[in-house]
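Shown here: target_22.txt, compact mmCIF, C-alpha atoms.
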```txt
# COMPACT_ATOMS: atom_id res chain seq x y z
CA MET A 1 51.92 -14.42 8.84
CA ASP A 2 51.66 -17.35 6.44
CA ASP A 3 49.83 -16.13 3.31
CA THR A 4 47.50 -19.11 3.49
CA LEU A 5 46.31 -17.92 6.91
CA ARG A 6 45.78 -14.27 6.02
CA PRO A 7 42.21 -12.95 5.84
CA LEU A 8 40.88 -13.03 2.29
CA ARG A 9 41.06 -9.67 0.53
CA ILE A 10 38.65 -9.36 -2.34
CA PRO A 11 40.23 -7.17 -5.03
CA PRO A 12 38.16 -3.96 -5.06
CA GLN A 13 38.38 -3.73 -8.84
CA ILE A 14 36.03 -6.74 -9.06
CA SER A 15 33.12 -4.74 -7.64
CA VAL A 16 33.99 -1.66 -9.72
CA TYR A 17 34.10 -3.75 -12.90
CA ALA A 18 30.84 -5.51 -12.02
CA ASP A 19 29.06 -2.20 -11.45
CA LYS A 20 30.45 -0.65 -14.62
CA HIS A 21 29.37 -3.53 -16.86
CA ASN A 22 26.17 -4.39 -14.98
CA VAL A 23 27.27 -7.93 -14.16
CA CYS A 24 27.03 -7.77 -10.36
CA HIS A 25 25.29 -11.16 -10.38
CA LEU A 26 28.47 -12.77 -11.66
CA VAL A 27 30.31 -12.16 -8.40
CA GLN A 28 27.58 -13.93 -6.42
CA VAL A 29 28.29 -17.65 -6.13
CA SER A 30 25.91 -18.60 -3.30
CA ARG A 31 23.54 -20.44 -5.63
CA HIS A 32 26.40 -22.45 -7.09
CA LEU A 33 27.62 -23.40 -3.64
CA VAL A 34 24.13 -24.47 -2.59
CA GLN A 35 22.93 -26.15 -5.78
CA GLN A 36 26.34 -27.50 -6.97
CA PRO A 37 25.20 -27.98 -10.60
CA GLU A 38 27.07 -30.41 -12.83
CA ASP A 39 27.33 -27.75 -15.53
CA PRO A 40 28.04 -24.45 -13.69
CA VAL A 41 28.25 -22.35 -16.85
CA SER A 42 24.84 -23.39 -18.18
CA TYR A 43 23.37 -22.98 -14.71
CA LEU A 44 24.75 -19.45 -14.45
CA VAL A 45 23.41 -18.47 -17.87
CA ASP A 46 19.98 -19.75 -16.89
CA PHE A 47 20.15 -17.94 -13.55
CA LEU A 48 21.01 -14.59 -15.17
CA GLN A 49 18.07 -14.91 -17.56
CA ARG A 50 15.46 -15.07 -14.84
CA SER A 51 14.40 -12.98 -11.87
CA SER A 52 13.07 -15.12 -9.06
CA PRO A 53 12.14 -13.43 -5.78
CA ARG A 54 12.68 -15.58 -2.69
CA CYS A 55 10.97 -14.10 0.34
CA GLU A 56 10.09 -15.20 3.85
CA CYS A 57 7.27 -13.56 5.79
CA LEU A 58 7.67 -13.69 9.57
CA CYS A 59 4.76 -12.39 11.61
CA ASP A 60 2.70 -12.60 14.76
CA PRO A 61 0.29 -15.57 14.81
CA THR A 62 -2.82 -13.57 13.89
CA PHE A 63 -1.46 -11.88 10.78
CA LYS A 64 -1.50 -14.94 8.54
CA LYS A 65 -2.36 -14.88 4.86
CA VAL A 66 -3.55 -11.31 4.39
CA LEU A 67 -0.25 -9.99 3.03
CA LEU A 68 0.36 -13.15 0.99
CA ARG A 69 -3.03 -12.79 -0.68
CA PHE A 70 -1.88 -9.36 -1.86
CA PHE A 71 1.42 -10.78 -3.08
CA GLN A 72 -0.44 -13.34 -5.17
CA LEU A 73 -1.86 -10.52 -7.23
CA SER A 74 0.34 -9.42 -10.10
CA PRO A 75 1.26 -5.78 -9.43
CA SER A 76 -0.20 -3.45 -12.06
CA GLU A 77 3.16 -1.81 -12.63
CA PRO A 78 5.51 -1.64 -15.62
CA GLN A 79 7.79 -4.61 -16.07
CA PRO A 80 10.14 -5.72 -14.75
CA ALA A 81 8.13 -6.18 -11.55
CA PRO A 82 8.20 -9.10 -9.16
CA ARG A 83 5.52 -11.66 -9.91
CA TRP A 84 4.37 -13.78 -7.00
CA ASP A 85 2.99 -16.97 -8.49
CA ARG A 86 2.58 -19.24 -5.51
CA THR A 87 2.34 -19.08 -1.75
CA PHE A 88 2.37 -21.91 0.70
CA GLN A 89 2.88 -22.94 4.29
CA HIS A 90 4.79 -26.04 5.34
CA GLN A 91 6.40 -27.44 8.45
CA ASP A 92 8.46 -30.22 6.87
CA VAL A 93 11.91 -28.98 5.76
CA PRO A 94 12.70 -31.82 3.31
CA LYS A 95 9.37 -31.36 1.56
CA VAL A 96 9.84 -27.60 1.55
CA GLN A 97 13.26 -28.13 -0.03
CA SER A 98 11.82 -30.22 -2.85
CA MET A 99 9.16 -27.59 -3.44
CA MET A 100 11.82 -24.88 -3.58
CA PHE A 101 13.56 -26.58 -6.48
CA CYS A 102 10.24 -26.72 -8.33
CA LEU A 103 9.68 -23.02 -7.67
CA LEU A 104 13.16 -21.75 -8.52
CA LEU A 105 11.96 -20.39 -11.86
CA GLN A 106 8.96 -18.65 -10.33
CA GLY A 107 10.19 -17.47 -6.98
CA TRP A 108 8.34 -18.07 -3.74
CA VAL A 109 6.89 -16.57 -0.58
CA LEU A 110 7.15 -18.74 2.53
CA GLU A 111 4.92 -17.87 5.49
CA GLY A 112 4.72 -19.46 8.93
CA PHE A 113 8.16 -21.04 8.86
CA PRO A 114 10.76 -20.81 10.34
CA GLN A 115 9.54 -20.06 13.85
CA THR A 116 12.79 -20.75 15.76
CA ARG A 117 16.50 -20.27 15.22
CA LEU A 118 16.93 -24.04 14.97
CA GLN A 119 14.49 -24.11 12.07
CA VAL A 120 16.45 -21.29 10.43
CA LEU A 121 19.59 -23.41 10.61
CA GLN A 122 17.70 -26.40 9.21
CA LEU A 123 16.56 -24.32 6.25
CA GLN A 124 20.11 -23.12 5.62
CA GLN A 125 21.47 -26.64 5.74
CA ALA A 126 18.80 -27.64 3.23
CA GLY A 127 19.97 -24.85 0.90
CA ILE A 128 16.84 -22.71 1.37
CA ILE A 129 18.19 -19.18 1.71
CA PRO A 130 15.75 -16.27 1.27
CA GLU A 131 16.92 -13.08 -0.36
CA HIS A 132 14.34 -11.00 1.52
CA VAL A 133 12.73 -11.48 4.92
CA VAL A 134 9.71 -9.36 5.87
CA MET A 135 8.80 -9.30 9.56
CA LEU A 136 5.35 -7.95 10.42
CA GLU A 137 4.79 -6.44 13.86
CA ALA A 138 1.74 -4.98 15.58
CA PRO A 139 0.65 -4.18 19.17
CA GLU A 140 -0.87 -6.99 21.19
CA GLU A 141 -4.31 -5.33 21.39
CA VAL A 142 -4.44 -5.03 17.60
CA LEU A 143 -3.62 -8.71 17.17
CA LEU A 144 -6.33 -9.71 19.63
CA GLU A 145 -8.91 -7.58 17.82
CA ARG A 146 -7.98 -9.12 14.48
CA SER A 147 -8.22 -12.63 15.87
CA ARG A 148 -11.75 -11.98 17.17
CA GLY A 149 -12.97 -10.58 13.85
CA LYS A 150 -11.45 -13.18 11.54
CA LEU A 151 -13.66 -14.58 8.76
CA ILE A 152 -13.01 -17.58 6.50
CA ASP A 153 -14.17 -18.32 2.97
CA PRO A 154 -15.22 -22.02 3.25
CA ILE A 155 -14.54 -22.61 -0.45
CA THR A 156 -11.12 -21.00 -0.93
CA SER A 157 -9.98 -20.89 2.72
CA ASP A 158 -8.98 -17.26 2.18
CA VAL A 159 -8.84 -15.21 5.37
CA TYR A 160 -10.76 -11.95 5.78
CA HIS A 161 -11.75 -9.66 8.63
CA GLN A 162 -15.14 -8.15 9.36
CA ILE A 163 -13.61 -4.64 9.53
CA PHE A 164 -9.98 -4.82 8.51
CA VAL A 165 -10.20 -6.82 5.25
CA ARG A 166 -13.53 -7.15 3.47
CA PRO A 167 -13.90 -9.07 0.18
CA ASP A 168 -14.65 -7.05 -2.95
CA ASP A 169 -17.07 -9.70 -4.24
CA ASP A 170 -20.52 -9.61 -2.58
CA THR A 171 -20.97 -13.31 -3.32
CA VAL A 172 -17.86 -14.12 -1.32
CA ALA A 173 -18.97 -11.81 1.49
CA LEU A 174 -22.28 -13.66 1.86
CA ARG A 175 -20.66 -17.06 2.34
CA LEU A 176 -18.01 -16.02 4.86
CA GLU A 177 -17.95 -17.89 8.15
CA ARG A 178 -16.51 -16.85 11.48
CA GLY A 179 -13.04 -18.28 11.87
CA ARG A 180 -12.45 -20.93 14.50
CA GLY A 181 -9.36 -19.31 15.90
CA LEU A 182 -7.61 -19.41 19.22
CA SER A 183 -9.14 -18.04 22.38
CA ASP A 184 -7.64 -14.88 23.81
CA GLN A 185 -5.69 -16.90 26.39
CA GLN A 186 -4.36 -19.31 23.76
CA LEU A 187 -3.40 -16.44 21.48
CA LEU A 188 -1.54 -14.65 24.26
CA ALA A 189 0.38 -17.84 24.97
CA GLU A 190 1.28 -18.13 21.27
CA LEU A 191 2.38 -14.51 21.23
CA GLN A 192 4.57 -15.11 24.26
CA ARG A 193 6.29 -18.02 22.51
CA TYR A 194 6.75 -15.85 19.43
CA ARG A 195 8.28 -13.00 21.46
CA CYS A 196 10.79 -15.46 22.97
CA GLU A 197 12.03 -16.44 19.50
CA VAL A 198 11.78 -13.17 17.60
CA THR A 199 15.17 -11.82 18.72
CA ALA A 200 16.92 -14.93 17.40
CA LEU A 201 15.01 -14.68 14.11
CA ARG A 202 15.98 -11.02 13.74
CA SER A 203 19.63 -11.89 14.36
CA ALA A 204 19.64 -14.80 11.91
CA TYR A 205 18.22 -12.70 9.06
CA GLN A 206 19.57 -9.26 10.02
CA HIS A 207 21.23 -8.61 6.65
CA VAL A 208 18.08 -9.30 4.59
CA LEU A 209 15.42 -8.22 7.08
CA LYS A 210 12.75 -5.54 6.82
CA VAL A 211 10.45 -4.94 9.81
CA VAL A 212 7.06 -3.62 8.69
CA ASN A 213 4.39 -2.11 10.92
CA ALA A 214 1.32 -4.32 10.36
CA ASP A 215 -1.01 -1.89 12.15
CA GLN A 216 -1.99 -0.19 8.90
CA PRO A 217 -4.18 -1.05 5.89
CA PRO A 218 -3.06 -4.21 4.03
CA ALA A 219 -2.46 -2.22 0.86
CA ASP A 220 0.05 -0.03 2.69
CA VAL A 221 1.74 -3.06 4.24
CA TYR A 222 1.93 -4.65 0.81
CA LEU A 223 3.44 -1.56 -0.83
CA GLU A 224 6.06 -1.20 1.90
CA ALA A 225 7.06 -4.86 1.59
CA LEU A 226 7.03 -4.71 -2.21
CA THR A 227 9.25 -1.62 -2.21
CA PHE A 228 11.72 -3.45 0.02
CA VAL A 229 11.76 -6.53 -2.22
CA ARG A 230 12.10 -4.53 -5.43
CA SER A 231 14.78 -2.19 -4.11
CA HIS A 232 16.89 -5.09 -2.81
CA CYS A 233 16.69 -7.41 -5.81
CA HIS A 234 20.28 -6.56 -6.66
CA PHE A 235 23.73 -7.66 -5.65
CA ARG A 236 25.55 -4.34 -5.71
CA THR A 237 27.89 -3.77 -2.79
CA PRO A 238 27.20 -0.26 -1.46
CA ARG A 239 30.08 2.19 -1.84
CA ILE A 240 28.51 5.40 -0.57
CA LEU A 241 30.07 8.85 -0.51
CA LEU A 242 28.63 11.65 1.63
CA LEU A 243 29.53 15.23 0.78
CA GLY A 244 28.35 18.38 2.45
CA PRO A 245 29.43 21.41 4.49
CA PRO A 246 30.77 20.98 8.02
CA GLY A 247 27.83 20.59 10.39
CA SER A 248 25.45 19.22 7.74
CA GLY A 249 25.12 15.90 9.61
CA LYS A 250 27.39 13.60 7.58
CA SER A 251 28.74 11.70 10.60
CA GLN A 252 25.31 11.16 12.13
CA LEU A 253 23.79 10.01 8.84
CA ALA A 254 26.73 7.68 8.16
CA ARG A 255 26.30 6.11 11.59
CA LEU A 256 22.58 5.48 10.99
CA VAL A 257 23.24 3.95 7.56
CA ALA A 258 26.04 1.75 8.94
CA GLU A 259 23.87 0.51 11.80
CA LYS A 260 20.94 -0.36 9.55
CA TYR A 261 22.70 -1.77 6.50
CA LYS A 262 25.86 -3.15 8.19
CA VAL A 263 28.16 -1.23 5.85
CA VAL A 264 31.48 0.05 7.23
CA ASP A 265 31.44 3.64 8.49
CA VAL A 266 34.67 5.20 7.18
CA SER A 267 35.21 8.65 8.68
CA CYS A 268 38.37 10.14 7.23
CA GLY A 269 39.02 12.30 10.29
CA ARG A 270 38.45 9.46 12.74
CA LEU A 271 40.62 7.18 10.62
CA LEU A 272 43.53 9.63 10.69
CA ARG A 273 43.24 10.06 14.45
CA SER A 274 43.25 6.29 14.88
CA VAL A 275 46.40 5.87 12.80
CA ALA A 276 48.10 8.74 14.61
CA ALA A 277 47.41 7.02 17.93
CA ASP A 278 48.66 3.55 16.95
CA GLY A 279 52.35 4.40 17.40
CA SER A 280 53.36 3.54 13.82
CA GLY A 281 55.81 5.53 11.75
CA ARG A 282 53.05 6.80 9.51
CA GLY A 283 51.04 7.81 12.57
CA ALA A 284 54.00 9.79 13.90
CA GLU A 285 54.09 11.73 10.62
CA ILE A 286 50.36 12.46 10.77
CA GLN A 287 50.19 13.55 14.42
CA PRO A 288 51.84 17.01 14.03
CA TYR A 289 49.25 18.00 11.42
CA LEU A 290 46.42 16.99 13.73
CA ASP A 291 47.97 18.83 16.66
CA ASP A 292 48.29 22.04 14.65
CA GLY A 293 44.86 21.74 12.98
CA ARG A 294 46.45 21.66 9.52
CA PRO A 295 45.17 19.49 6.62
CA VAL A 296 47.00 16.17 6.35
CA PRO A 297 48.87 16.02 2.99
CA ASP A 298 47.49 13.66 0.37
CA SER A 299 50.80 11.78 0.36
CA LEU A 300 50.01 10.63 3.92
CA LEU A 301 46.22 10.59 3.76
CA LEU A 302 45.66 8.55 0.59
CA PRO A 303 47.66 5.44 1.64
CA VAL A 304 45.78 5.37 4.95
CA LEU A 305 42.41 5.62 3.20
CA GLU A 306 43.33 3.05 0.55
CA ASP A 307 44.47 0.58 3.19
CA ARG A 308 41.16 0.90 5.05
CA LEU A 309 38.94 0.57 1.99
CA SER A 310 40.84 -2.53 0.82
CA ARG A 311 40.09 -4.53 3.97
CA VAL A 312 37.81 -7.51 3.75
CA ASP A 313 34.92 -5.92 5.67
CA CYS A 314 34.74 -3.02 3.20
CA SER A 315 35.04 -5.37 0.22
CA CYS A 316 32.28 -7.70 1.42
CA ARG A 317 29.85 -5.40 3.22
CA GLY A 318 30.47 -2.12 1.45
CA TRP A 319 31.27 1.25 2.99
CA ILE A 320 30.05 4.78 3.54
CA LEU A 321 32.79 7.40 3.33
CA HIS A 322 32.66 10.96 4.66
CA GLY A 323 35.30 13.61 5.36
CA PHE A 324 36.91 12.99 1.95
CA PRO A 325 37.32 14.33 -0.71
CA HIS A 326 37.62 18.03 0.12
CA ASP A 327 38.57 19.41 -3.28
CA LEU A 328 38.65 18.67 -6.99
CA GLN A 329 42.08 17.05 -6.91
CA GLN A 330 41.12 14.58 -4.18
CA ALA A 331 37.83 13.78 -5.94
CA ALA A 332 39.70 13.06 -9.18
CA VAL A 333 42.12 10.75 -7.36
CA LEU A 334 39.21 8.86 -5.81
CA GLN A 335 37.49 8.49 -9.18
CA GLU A 336 40.66 7.13 -10.79
CA SER A 337 41.26 4.66 -7.97
CA GLN A 338 39.81 1.20 -7.37
CA TYR A 339 37.43 2.67 -4.79
CA GLN A 340 34.98 4.64 -6.88
CA PRO A 341 31.69 5.29 -5.04
CA ASN A 342 28.55 3.96 -6.71
CA ARG A 343 26.26 6.26 -4.74
CA VAL A 344 27.04 9.92 -3.99
CA PHE A 345 24.88 12.12 -1.77
CA PHE A 346 25.26 15.87 -1.28
CA LEU A 347 23.83 17.17 2.00
CA GLU A 348 22.54 20.71 1.64
CA ALA A 349 22.26 23.02 4.65
CA THR A 350 22.53 26.74 5.31
CA ASP A 351 25.56 28.21 7.08
CA GLU A 352 23.34 29.24 9.98
CA ALA A 353 22.08 25.67 10.49
CA CYS A 354 25.62 24.29 10.32
CA LEU A 355 26.92 26.79 12.87
CA GLU A 356 24.07 26.00 15.24
CA ARG A 357 24.67 22.26 15.00
CA LEU A 358 28.42 22.45 15.56
CA SER A 359 27.98 24.70 18.59
CA LEU A 360 26.12 21.80 20.26
CA ARG A 361 28.77 19.20 19.40
CA ALA A 362 31.38 17.95 21.89
CA THR A 363 33.90 15.11 22.19
CA ASP A 364 34.63 12.68 25.01
CA PRO A 365 38.42 12.89 25.55
CA VAL A 366 38.47 9.38 27.09
CA SER A 367 36.68 7.36 24.40
CA GLY A 368 37.09 9.77 21.48
CA GLN A 369 33.34 9.50 20.81
CA ARG A 370 31.56 12.58 19.51
CA TYR A 371 28.18 13.58 20.96
CA HIS A 372 25.53 16.17 20.19
CA ALA A 373 23.24 17.82 22.69
CA VAL A 374 20.13 17.17 20.55
CA THR A 375 20.72 14.30 18.10
CA ARG A 376 23.12 12.17 20.12
CA PRO A 377 23.35 13.16 23.80
CA ALA A 378 25.99 11.72 26.12
CA PRO A 379 24.94 8.36 27.66
CA GLY A 380 25.39 9.51 31.26
CA LEU A 381 26.23 12.39 33.58
CA GLU A 382 29.83 11.23 34.00
CA VAL A 383 30.47 11.38 30.26
CA GLN A 384 28.51 14.64 29.96
CA ASN A 385 30.72 16.35 32.55
CA ARG A 386 33.96 15.52 30.76
CA LEU A 387 32.87 16.49 27.24
CA GLN A 388 35.03 19.07 25.51
CA THR A 389 34.31 21.31 22.54
CA ALA A 390 36.97 20.99 19.86
CA PRO A 391 38.78 24.22 18.90
CA GLU A 392 37.82 23.68 15.26
CA ASP A 393 34.13 23.83 16.23
CA GLY A 394 34.40 27.46 17.35
CA THR A 395 32.45 30.08 15.43
CA GLU A 396 35.43 31.61 13.61
CA PRO A 397 37.03 28.29 12.46
CA VAL A 398 33.67 26.91 11.34
CA THR A 399 32.85 30.07 9.41
CA GLN A 400 36.17 29.80 7.60
CA ARG A 401 35.64 26.10 6.81
CA LEU A 402 32.17 26.84 5.47
CA LYS A 403 33.60 29.55 3.23
CA VAL A 404 36.21 27.15 1.84
CA PHE A 405 33.58 24.45 1.22
CA ARG A 406 31.33 26.87 -0.67
CA MET A 407 34.25 27.82 -2.91
CA ARG A 408 35.00 24.16 -3.72
CA SER A 409 31.48 22.72 -3.88
CA ALA A 410 30.86 23.55 -7.56
CA ALA A 411 34.00 21.67 -8.58
CA LEU A 412 32.98 18.64 -6.51
CA GLN A 413 29.51 18.69 -8.04
CA SER A 414 31.05 18.61 -11.51
CA VAL A 415 32.86 15.36 -10.65
CA TYR A 416 29.61 13.73 -9.52
CA PRO A 417 26.87 14.92 -11.92
CA ASP A 418 24.60 12.00 -10.94
CA ALA A 419 24.74 12.73 -7.22
CA VAL A 420 21.57 12.85 -5.15
CA TYR A 421 20.87 16.02 -3.15
CA ILE A 422 19.36 15.72 0.32
CA ASP A 423 17.94 18.54 2.40
CA ALA A 424 20.03 18.40 5.58
CA ASP A 425 17.88 21.00 7.31
CA GLN A 426 15.77 18.22 8.87
CA ASN A 427 16.15 15.56 11.53
CA PRO A 428 18.64 12.70 10.90
CA TYR A 429 15.93 10.05 10.49
CA SER A 430 14.19 12.03 7.75
CA MET A 431 17.56 12.36 6.03
CA LEU A 432 18.01 8.59 6.35
CA GLU A 433 14.64 7.98 4.70
CA ALA A 434 15.57 10.31 1.83
CA LEU A 435 18.87 8.48 1.35
CA GLU A 436 17.24 5.05 1.51
CA SER A 437 14.73 5.96 -1.20
CA ARG A 438 17.61 6.45 -3.64
CA LEU A 439 20.16 3.99 -2.28
CA TYR A 440 19.39 1.09 -4.61
CA THR A 441 17.61 2.74 -7.50
CA SER A 442 19.25 2.86 -10.90
```
As structure tokens, how would this structure be written, given the file I've shared?
Amino acid sequence: MDDTLRPLRIPPQISVYADKHNVCHLVQVSRHLVQQPEDPVSYLVDFLQRSSPRCECLCDPTFKKVLLRFFQLSPSEPQPAPRWDRTFQHQDVPKVQSMMFCLLLQGWVLEGFPQTRLQVLQLQQAGIIPEHVVMLEAPEEVLLERSRGKLIDPITSDVYHQIFVRPDDDTVALRLERGRGLSDQQLLAELQRYRCEVTALRSAYQHVLKVVNADQPPADVYLEALTFVRSHCHFRTPRILLLGPPGSGKSQLARLVAEKYKVVDVSCGRLLRSVAADGSGRGAEIQPYLDDGRPVPDSLLLPVLEDRLSRVDCSCRGWILHGFPHDLQQAAVLQESQYQPNRVFFLEATDEACLERLSLRATDPVSGQRYHAVTRPAPGLEVQNRLQTAPEDGTEPVTQRLKVFRMRSAALQSVYPDAVYIDADQNPYSMLEALESRLYTS
């Protein structure tokens, strides 16, 4: 293939260097491409000296300014904390664009727009690209109840609710007037229009989107949204390493993380099986080891892994690696390579829990997909009937693998002293929450 037509490969050392020297912002050029400043260097210096949150709030028609009123308040937390100086609503893209340039130094929260995918595209063409999108959702009956109880401050136009959100100031409470909102029929029609567009909105902002349950106190909604904004005000590309005994749930957790954060799920075992099946010379060398259940030598394994981690999807979106390293030597090689993980998680589980989990695991010989009787059941009876339990998942092989892991775990822990430990003796979604809470923290 002509080199000019090859997919771009971003050198992995760029991300490693940026993480090491805390200059991740330098590898982000989106603002330059949008703003096209005459003096890029001065613009970049100015950009790095400020922290400006840019957030869109997408919600059902009845949940209007409640959350934004909370965001207007400066959080009583140690600096640096996001400071939300202005909120506004606007339906005119050109005017919104001019306002965005005025608010670049402060940051902004935009509510009520966009409402359609076409409006999303118009915003993008105008250079208005949010770094965070919060989507509020609540059941229909909750939205109807809130609409009926809405109260308006005639002086400030702030929105309150007779039960849900009461003003702290008695003077304000005395002057509140019942809001002139939509009738139930009109509101249901608005909700129907919103439901027709929400899938497109989710798709357009999937990489910066957080869906928040609005059927809870405003303070809780605010804290959940604020946590999302604060934890994602970075530009670090995730390079996640999962370590843990066989049966601790690494594959399941990696799949959940990959689905939610769009990082590449790199399973070392699955990768080797894929190469062995592609008919290449390297695959032919790997196949005998897989057939005999022997470990694949590092001389064959490392080039395969390096080739996968160097691809453009891993460089751009990040990755989550599991099934490697197994010992101190492999961990040292990974640390000295251009693919150092910037987040390491150890999954902790007892041998009994691991044995129980693996006894319920089976593989579809047709698709190669792995299923679990509890956490990931087969999609249908046809698949269920052809599932096979791998020989390595038998009690004796698993017991031996657990013994080997326990012998090597201390050495692996010494390579990653800053690793985060997660209790794997819980359901996969609780493990995901534990991982998320530490994914983007310093």
- Task: Would you list the contacts of region 343-348 of chain A as a list of chain:residue names, taking every protein, DNA or RNA residue within 9 Å and counting only C-alpha atoms, but skipping same-chain residues closer than 5 positions in sequence?
- Result: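 Once the adjacent positions are removed, what remains is A:Pro238, A:Arg239, A:Ile240, A:Leu241, A:Leu242, A:Leu243, A:Gly244, A:Pro245, A:Ser248, A:Gly249, A:Lys250, A:Gln413, A:Tyr416, A:Asp418, A:Ala419, A:Val420, A:Tyr421, A:Ile422, A:Asp423, A:Ala424, A:Asp425, A:Met431, A:Leu435, A:Arg438, A:Leu439, A:Tyr440.
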- Message: Need the shell around Gly293 (chain A): protein/DNA/RNA residues with any atom at most 9 Å away, counting only C-alpha atoms. Skip same-chain ones fewer than 4 positions apart. Format as a ChimeraX atom specification?
- Response: /A:288-289,391-392
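The spacing separating CA of Asp184 (chain A) from CA of Ala138 (chain A) amounts to 15.9 Å.
Residues lying at most 12 Å from (33.7, 21.2, -8.3) in file coordinates, with only C-alpha atoms considered, are Leu243, Pro325, His326, Asp327, Leu328, Gln329, Gln330, Ala331, Ala332, Phe405, Arg406, Met407, Arg408, Ser409, Ala410, Ala411, Leu412, Gln413, Ser414, Val415, Tyr416 and Pro417 of chain A.
Counting from CA of Leu360 (chain A), the distance to CA of Thr395 (chain A) is 11.5 Å.
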- For a cut-off of 6 Å around (27.8, 0.9, 3.8), file coordinates, pick out all residues using only C-alpha atoms and list them as an MDAnalysis selection string. chainID A and resid 238 258 263:264 318:320
- Grab the CA of Ser251 (chain A) to CA of His322 (chain A) distance for me, in Å with one decimal place.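 Taking CA of Ser251 (chain A) as the start and CA of His322 (chain A) as the end point, the length is 7.2 Å.
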- Pick out the closest residue to Ser315 (chain A) from this set: A:Gly368, A:Gln338, A:Glu356, A:Arg193. Count all atoms listed in the file.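 For Ser315 (chain A), the nearest of the given residues is A:Gln338.
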- Query: Which of these residues is nearest to Arg175 (chain A), using all atoms listed in the file: A:Ile163, A:Glu141, A:Ile152, A:Glu352?
  - Reply: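 Among the listed residues, A:Ile152 lies closest to Arg175 (chain A).
Counting all atoms listed in the file and comparing A:Leu201, A:Val374, A:Leu253, A:Val134, the residue that lies closest to Gln119 (chain A) is A:Leu201.
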